[in-house]
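Comments concern the structure below.
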Amino acid sequence: MSDPSPLRLTAAIRAARDAGRPIVALESSVLAQGLPIPANRDAADRMTGAVERAGAVPAVTAVVHGVPTLGLEPAELERFLAREGVRKVSARDLAPAMLRGHDGATTVAASLAIGAMAGVEVFATGGIGGVHREAPGSAPTSWVRDESADLLEMARSPMLCVCAGAKSILDLPATLERLETLGVPIVGYRTDTLPGFFTVDTGLRLPHRADTPQELAALWRHHRALGRRETVLVVQPPPADTALPRELVDGAVAHALADAARQGVAGPGVTPFLLAAVERATGGRSLVANLALLEANARLAGEVAVALAG
Ligand code: PSU
Ligand code: MN
């Protein structure tokens, strides 16, 4: 049976999808741009391993030599981990990457687009993009804020996305407001407040909460029964044993933002720059936390996918 879409699914993913087995899509920008070498390999191993242990099939999304792809072959994954010539591809960059035959590591936005196109329902990542803060010392600019395409893509890609919230490099209250406007349901997993990615809690109240994978699966079914096409955003606090204290992260973020402003970093370079600066400023600790929460999110996503398939 030929697939009318331009997507390539690896044989294993196609077989899993056609058999109705649970699949969890995973993004690749966190591997090629978000984390340093060699921690990005750990991240890939731990995320895919966690999905498998939950009883589901992991499928990394990417653009491989211009082909939007779900599920990477081992040699392809190696290329993305080595990241030579691998570009950051958000939703708007998908067609240009196809045109030019580029290797592209897909952000949350591009990964949701690919996953939804393939009919996969569950996705896991570390943190989503959101509304950026004003650069310190900049003139007030009501007319333009750097806002990740992740937010708008969530308004049109029906998937259940498990993450640890968004990093405090972003304006978190503004990000929550945008999600509300866009009609994206946001649900705390075993929490009533928004987690802060590295930190367990930001103090920002969430509108909804769920406590089991089965509840999340049921919520997803209601959402889809209504014909809703938004992502359901599930936010899970990072594992407490590796999470960082808020003051440490706040100090690191302040430095990162000041550096970005001084160096005139702009456009798609902003998020990777800030992520790298925070990693440096917190020493190894943020990296340990980052890997642990990626694994935990992949595991929960696997559990929800299994609940949905059951
Ligand atoms: N947040 C993280 N780690 C990441 C990213 C965000 O904690 O690696 C990546 C994700 O791929 C996300 C992207 O989709 O950055 C957002 O980039 P931008 O703000 O340019 O849309
Ligand atoms: Mn941006």
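Residues are referred to by chain and number: the chain letter is A, B, ... according to the order shown in the structure tokens, the number counts from 1 in that chain, and ligands are numbered separately from 1 in the order shown.
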
Residue neighbourhood A:Arg83, 10 Å, only C-alpha atoms, exclusion window fewer than 5 positions, as a VMD selection string: chain A and resid 29 31 to 33 37 77 to 78 103 to 105

Would you save the residues of that selection, restricted to C-alpha atoms, as a compact mmCIF listing (two decimals), in the first residue's frame?
```
# COMPACT_ATOMS: atom_id res chain seq x y z
CA SER A 29 16.69 19.17 17.71
CA LEU A 31 19.90 15.88 20.18
CA ALA A 32 21.58 17.94 17.46
CA GLN A 33 21.29 21.46 18.92
CA ILE A 37 28.27 15.93 22.53
CA LEU A 77 21.04 8.66 14.12
CA GLU A 78 24.85 8.67 14.24
CA ASP A 103 19.66 17.05 7.00
CA GLY A 104 17.39 18.73 9.53
CA ALA A 105 16.97 18.15 13.24
```

10 Å contact set for A:Val184, only C-alpha atoms, chain neighbours under 4 positions out, as JSON, numbers by chain: {"A": [151, 152, 154, 155, 156, 158, 176, 178, 179, 180, 228, 229, 230, 231, 232, 233]}

Only all heavy atoms, please: the residues just picked out, written as a compact mmCIF listing (two decimals), in the first residue's frame.
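Output file part-v5.txt follows:
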```
# COMPACT_ATOMS: atom_id res chain seq x y z
N LEU A 151 4.50 27.05 19.71
CA LEU A 151 3.18 27.40 20.26
C LEU A 151 2.10 27.32 19.19
O LEU A 151 1.06 26.68 19.39
CB LEU A 151 3.23 28.79 20.91
CG LEU A 151 4.15 28.90 22.12
CD1 LEU A 151 4.07 30.31 22.72
CD2 LEU A 151 3.79 27.86 23.18
N LEU A 152 2.33 27.97 18.05
CA LEU A 152 1.31 27.96 17.02
C LEU A 152 1.13 26.56 16.43
O LEU A 152 0.01 26.16 16.09
CB LEU A 152 1.67 28.96 15.91
CG LEU A 152 0.45 29.46 15.13
CD1 LEU A 152 -0.53 30.16 16.06
CD2 LEU A 152 0.87 30.39 14.02
N MET A 154 1.34 23.84 18.03
CA MET A 154 0.51 23.09 18.97
C MET A 154 -0.97 23.35 18.75
O MET A 154 -1.81 22.52 19.09
CB MET A 154 0.88 23.46 20.42
CG MET A 154 2.11 22.73 20.90
SD MET A 154 2.32 23.02 22.66
CE MET A 154 3.90 23.78 22.63
N ALA A 155 -1.29 24.51 18.18
CA ALA A 155 -2.70 24.83 17.94
C ALA A 155 -3.26 24.05 16.75
O ALA A 155 -4.47 24.06 16.52
CB ALA A 155 -2.86 26.33 17.71
N ARG A 156 -2.40 23.39 15.98
CA ARG A 156 -2.93 22.70 14.80
C ARG A 156 -2.41 21.28 14.60
O ARG A 156 -2.68 20.67 13.57
CB ARG A 156 -2.69 23.53 13.55
CG ARG A 156 -1.26 23.92 13.34
CD ARG A 156 -1.14 24.88 12.16
NE ARG A 156 0.22 25.40 12.11
CZ ARG A 156 0.54 26.63 11.78
NH1 ARG A 156 -0.38 27.49 11.44
NH2 ARG A 156 1.79 27.02 11.76
N PRO A 158 -2.67 17.68 16.27
CA PRO A 158 -3.24 16.87 17.35
C PRO A 158 -2.29 15.77 17.80
O PRO A 158 -2.16 14.74 17.15
CB PRO A 158 -4.52 16.28 16.72
CG PRO A 158 -4.29 16.33 15.26
CD PRO A 158 -3.36 17.47 14.99
N LEU A 176 2.12 30.79 29.11
CA LEU A 176 0.83 30.22 29.53
C LEU A 176 -0.34 30.98 28.91
O LEU A 176 -1.34 30.38 28.50
CB LEU A 176 0.71 30.24 31.06
CG LEU A 176 1.53 29.20 31.83
CD1 LEU A 176 1.29 29.36 33.34
CD2 LEU A 176 1.18 27.78 31.39
N ARG A 178 -0.39 32.58 26.07
CA ARG A 178 -0.49 32.24 24.65
C ARG A 178 -1.13 30.86 24.46
O ARG A 178 -1.93 30.66 23.56
CB ARG A 178 0.89 32.28 23.99
CG ARG A 178 1.40 33.68 23.77
CD ARG A 178 0.58 34.41 22.72
NE ARG A 178 0.86 33.94 21.37
CZ ARG A 178 -0.04 33.91 20.37
NH1 ARG A 178 -1.29 34.31 20.58
NH2 ARG A 178 0.31 33.49 19.18
N LEU A 179 -0.75 29.91 25.32
CA LEU A 179 -1.34 28.57 25.21
C LEU A 179 -2.84 28.63 25.44
O LEU A 179 -3.62 27.93 24.78
CB LEU A 179 -0.66 27.63 26.21
CG LEU A 179 0.77 27.24 25.85
CD1 LEU A 179 1.45 26.55 27.03
CD2 LEU A 179 0.79 26.33 24.61
N GLU A 180 -3.26 29.49 26.37
CA GLU A 180 -4.70 29.64 26.62
C GLU A 180 -5.39 30.20 25.39
O GLU A 180 -6.42 29.68 24.93
CB GLU A 180 -4.91 30.56 27.83
CG GLU A 180 -6.39 30.77 28.14
CD GLU A 180 -6.64 31.76 29.26
OE1 GLU A 180 -5.67 32.16 29.94
OE2 GLU A 180 -7.80 32.14 29.46
N ARG A 228 -11.24 18.13 18.34
CA ARG A 228 -10.22 19.16 18.58
C ARG A 228 -8.90 18.75 17.93
O ARG A 228 -8.56 17.57 17.93
CB ARG A 228 -9.99 19.36 20.10
CG ARG A 228 -11.24 19.58 20.91
CD ARG A 228 -11.97 20.84 20.56
NE ARG A 228 -11.12 22.02 20.71
CZ ARG A 228 -11.49 23.24 20.30
NH1 ARG A 228 -12.66 23.42 19.71
NH2 ARG A 228 -10.69 24.26 20.49
N ARG A 229 -8.21 19.74 17.39
CA ARG A 229 -6.97 19.46 16.67
C ARG A 229 -5.72 20.00 17.37
O ARG A 229 -4.63 19.94 16.85
CB ARG A 229 -7.04 20.02 15.24
CG ARG A 229 -8.08 19.30 14.38
CD ARG A 229 -7.95 19.66 12.90
NE ARG A 229 -6.59 19.51 12.43
CZ ARG A 229 -6.04 18.34 12.07
NH1 ARG A 229 -6.77 17.25 12.12
NH2 ARG A 229 -4.80 18.28 11.66
N GLU A 230 -5.92 20.56 18.57
CA GLU A 230 -4.75 21.08 19.28
C GLU A 230 -3.96 19.94 19.93
O GLU A 230 -4.49 18.87 20.20
CB GLU A 230 -5.17 22.05 20.39
CG GLU A 230 -5.92 23.28 19.92
CD GLU A 230 -7.40 23.03 19.75
OE1 GLU A 230 -7.86 21.88 20.00
OE2 GLU A 230 -8.11 23.97 19.34
N THR A 231 -2.70 20.24 20.18
CA THR A 231 -1.90 19.37 21.05
C THR A 231 -2.48 19.42 22.46
O THR A 231 -2.95 20.46 22.91
CB THR A 231 -0.44 19.88 21.06
OG1 THR A 231 0.14 19.61 19.79
CG2 THR A 231 0.39 19.24 22.15
N VAL A 232 -2.46 18.29 23.15
CA VAL A 232 -2.71 18.28 24.59
C VAL A 232 -1.33 18.29 25.26
O VAL A 232 -0.52 17.38 25.04
CB VAL A 232 -3.52 17.05 25.03
CG1 VAL A 232 -3.52 16.91 26.55
CG2 VAL A 232 -4.96 17.14 24.50
N LEU A 233 -1.07 19.35 26.01
CA LEU A 233 0.27 19.54 26.58
C LEU A 233 0.30 19.04 28.03
O LEU A 233 -0.37 19.59 28.90
CB LEU A 233 0.63 21.02 26.53
CG LEU A 233 2.06 21.37 26.91
CD1 LEU A 233 3.07 20.69 25.99
CD2 LEU A 233 2.26 22.89 26.86
```

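Contacts with ligand 1 are defined as any residue atom within 7 Å of a ligand atom, using only C-alpha atoms and all ligand atoms; the residues meeting this criterion are Glu27, Ser29, Val30, Gln33, Gly34, Leu35, Ser90, Thr106, Thr107, Val108, Ala109, Gly126, Gly127, Ile128, Gly129, Gly130, Glu147, Ser148, Ala149, Asp150, Ala166, Lys167, Gly267, Pro268, Gly269, Val270, Thr271, Pro272 and Leu275 of chain A.
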
Interatomic distance (Å, one decimal) between atom CA of A:Asp250 and atom CA of A:Asn40: 24.1 Å

Report the closest atom pair, with its distance in Å rounded to one decimal, for each residue of stretch 17-132 of chain A that has an atom no farther than 12 Å from stretch 202-220 of chain A; count only C-alpha atoms, sort by chain and then rising residue number, and write it as CSV.
```
residue,atom,partner,partner_atom,distance
A:Ala54,CA,A:Pro213,CA,11.3
A:Glu121,CA,A:Trp220,CA,9.1
A:Val122,CA,A:Trp220,CA,9.8
```

Point-to-point distance from atom CA of A:Ala110 to atom CA of A:Pro96, Å rounded to tenths: 12.4 Å

Those in stretch 36-186 of chain A with helix (DSSP H, G or I) from DSSP, as a ChimeraX atom specification: /A:39-53,74-82,91-100,108-118,149-154,172-181

Of the listed residues A:Leu257, A:Val131, A:Leu182, A:Leu172, that which approaches ligand 2 most closely, counting only C-alpha atoms and all ligand atoms: A:Val131
